[in-house]
Amino acid sequence: MLGILGGTFNPIHNGHLYLAERLQQALSFDAVRFMPAAIPALKDAPSVSAEQRADMVKLAIINHPTFQIDIRELDRSGPSYTIESLVSLRKELGDKESICWLIGSDAFAKLNKWHRWNELLNYCHFVVVERPHSEHLNWNAEVASLLESHHTRDIHKIKNSANGKILIQEIEALDISSTQIREHIASKKDVDNLMPSNVVNYIHEYHLYE
C-alpha cells in the first residue's frame with residue numbers, strides 16, 4: 001500500500017514530515033511518496049524553482065527509509081494535474097496496488113475544483129486528514145455526495161482494494177505553514193525549529209525566500 005503526499009513544498013517543513021510519519025504509523029504504508037508539483041494548478045507559481053523544491057524534499061526525507069520522492073510532475077510540461085500523475089502511477093504499479101492520496105480536509109473541501117476531479121477515485125483512495133474533535137467542514141454538494149458514496153471507516157477496505165474509497169483520518173497537525181516560514185526568512189527570523197537542519201542550510205546557501 002502506497003501513500004502519496006502531493007504539494008508545492010515551498011518549502012517542505014516539519015509539519016509535512018510529522019503528518020507523513022503519523023499516517024505511516026496509522027495505516028502501515030509500505031512507502032510514502034512526496035510528489036512536488038512543478039506548476040500548481042490552483043495556486044500562484046512558486047518563486048523557488050521546482051528543482052530546488054524537490055532538492056529540499058530529498059534532503060528532508062534522507063533519514064526516513066520508507067519515505068521517497070516522486071518527481072514525475074517535474075518531468076511534465078503545463079500545470080501539474082493530479083489525475084495525470086495518478087494515471088501514470090497506475091501504469092507503473094498495475095491495477096491491484098492500493099494507492100492512497102493523502103489530503104487535508106481544507107483541500108478536500110475544494111476537490112470539485114480539481115481537473116477531472118470526478119475521475120480521481122478510479123485510480124486511488126483518498127485519506128482525508130482532519131484535526132481531532134473538529135467539526136466536518138461544510139462540504140459543497142458535489143464533495144458531500146462523493147464522500148457519502150465512497151466513505152469508509154474500515155482501513156482493511158483501503159488496504160485490500162486498489163481505489164475508490166475515502167477514509168477520514170484524525171491527526172493533530174503541527175501548526176506550521178510554508179507561508180509562515182517564507183515570511184520568517186524574509187524578515188530574518190529564526191526557522192531552525194520548523195524544518196530539518198539540512199533544509200535550513202540549503203535555503204541559506206542559495207539565499208531562497210530572502
# chains A, B, ... in the order shown; residues from 1 in each chain; ligands from 1
>>> closest_atom_pairs(of="segment 157-198 of chain A", to="segment 84-108 of chain A", cutoff="9 Å", atoms="only C-alpha atoms", output="CSV")
residue,atom,partner,partner_atom,distance
A:Ile158,CA,A:Ser98,CA,6.9
A:Lys159,CA,A:Ser98,CA,6.1
A:Asn160,CA,A:Ser98,CA,7.1
A:Ser161,CA,A:Ser98,CA,5.9
A:Ala162,CA,A:Ser98,CA,3.9
A:Asn163,CA,A:Ser98,CA,6.2
A:Ile168,CA,A:Ser105,CA,8.6
>>> write_last_selection(atoms="C-alpha atoms", output="tab-separated table (two decimals), in the first residue's frame")
chain	number	residue	atom	x	y	z
A	158	ILE	CA	-8.40	0.57	1.89
A	159	LYS	CA	-5.63	-1.99	2.13
A	160	ASN	CA	-7.46	-4.73	0.26
A	161	SER	CA	-8.65	-2.70	-2.73
A	162	ALA	CA	-6.79	-0.55	-5.23
A	163	ASN	CA	-9.00	2.53	-5.29
A	168	ILE	CA	-11.27	10.29	7.26
>>> closest_residue(among="A:Ser197, A:Asn63, A:Gln68, A:Asn10", to="Phe34 of chain A", atoms="only C-alpha atoms")
A:Gln68
>>> closest_residue(among="A:Leu111, A:Ser77, A:Tyr123, A:Glu170", to="Ala144 of chain A", atoms="only C-alpha atoms")
A:Leu111
>>> residues_around(residues="Ile155 of chain A", least_positions_apart="3", cutoff="10 Å", atoms="only C-alpha atoms", output="PyMOL selection string")
chain A and resi 26-27+152+158-160+165-167+169
>>> atom_distance(atom1="atom CA of Asp70 of chain A", atom2="atom CA of Trp114 of chain A")
20.2 Å
>>> residues_around(residues="Ala173 of chain A", least_positions_apart="6", cutoff="10 Å", atoms="only C-alpha atoms", output="list in words")
Gly15, His16, Tyr18, Leu19, Arg22, Gly104, Val129, Glu130, Arg131 and Pro132 of chain A
>>> residues_around(residues="Tyr206 of chain A", least_positions_apart="2", cutoff="12 Å", atoms="only C-alpha atoms", output="count of residues only")
15
>>> residues_around(residues="His151 of chain A", least_positions_apart="2", cutoff="10 Å", atoms="only C-alpha atoms", output="ChimeraX atom specification")
/A:125-127,145-149,153-154,164-168
>>> select_by_dssp(residues="segment 6-141 of chain A", states="strand (DSSP E or B)", output="list in words")
Gly6, Gly7, Ala31, Val32, Arg33, Phe34, Met35, Pro36, Pro40, Phe67, Gln68, Ile69, Ser80, Ile99, Cys100, Trp101, Leu102, Ile103, Gly104, His125, Phe126, Val127, Val128, Val129 and Glu130 of chain A
>>> write_last_selection(atoms="C-alpha atoms", output="compact mmCIF listing (two decimals), in the first residue's frame")
# COMPACT_ATOMS: atom_id res chain seq x y z
CA GLY A 6 1.46 15.96 -3.08
CA GLY A 7 2.13 19.66 -2.70
CA ALA A 31 6.14 3.71 1.46
CA VAL A 32 5.07 7.34 1.42
CA ARG A 33 6.00 9.26 -1.71
CA PHE A 34 6.34 13.03 -1.63
CA MET A 35 5.27 14.42 -5.01
CA PRO A 36 6.27 18.07 -5.61
CA PRO A 40 0.44 24.15 -9.21
CA PHE A 67 9.84 8.00 2.53
CA GLN A 68 10.53 8.57 -1.16
CA ILE A 69 10.37 11.40 -3.65
CA SER A 80 0.62 19.67 -12.52
CA ILE A 99 -2.73 3.90 -3.78
CA CYS A 100 -3.79 6.46 -1.18
CA TRP A 101 -3.75 10.17 -1.95
CA LEU A 102 -3.15 11.99 1.34
CA ILE A 103 -5.02 15.27 1.58
CA GLY A 104 -6.01 17.81 4.22
CA HIS A 125 -8.27 6.16 -2.43
CA PHE A 126 -8.40 9.45 -0.53
CA VAL A 127 -7.15 9.65 3.04
CA VAL A 128 -8.55 12.94 4.33
CA VAL A 129 -6.70 14.33 7.34
CA GLU A 130 -8.79 16.12 9.96
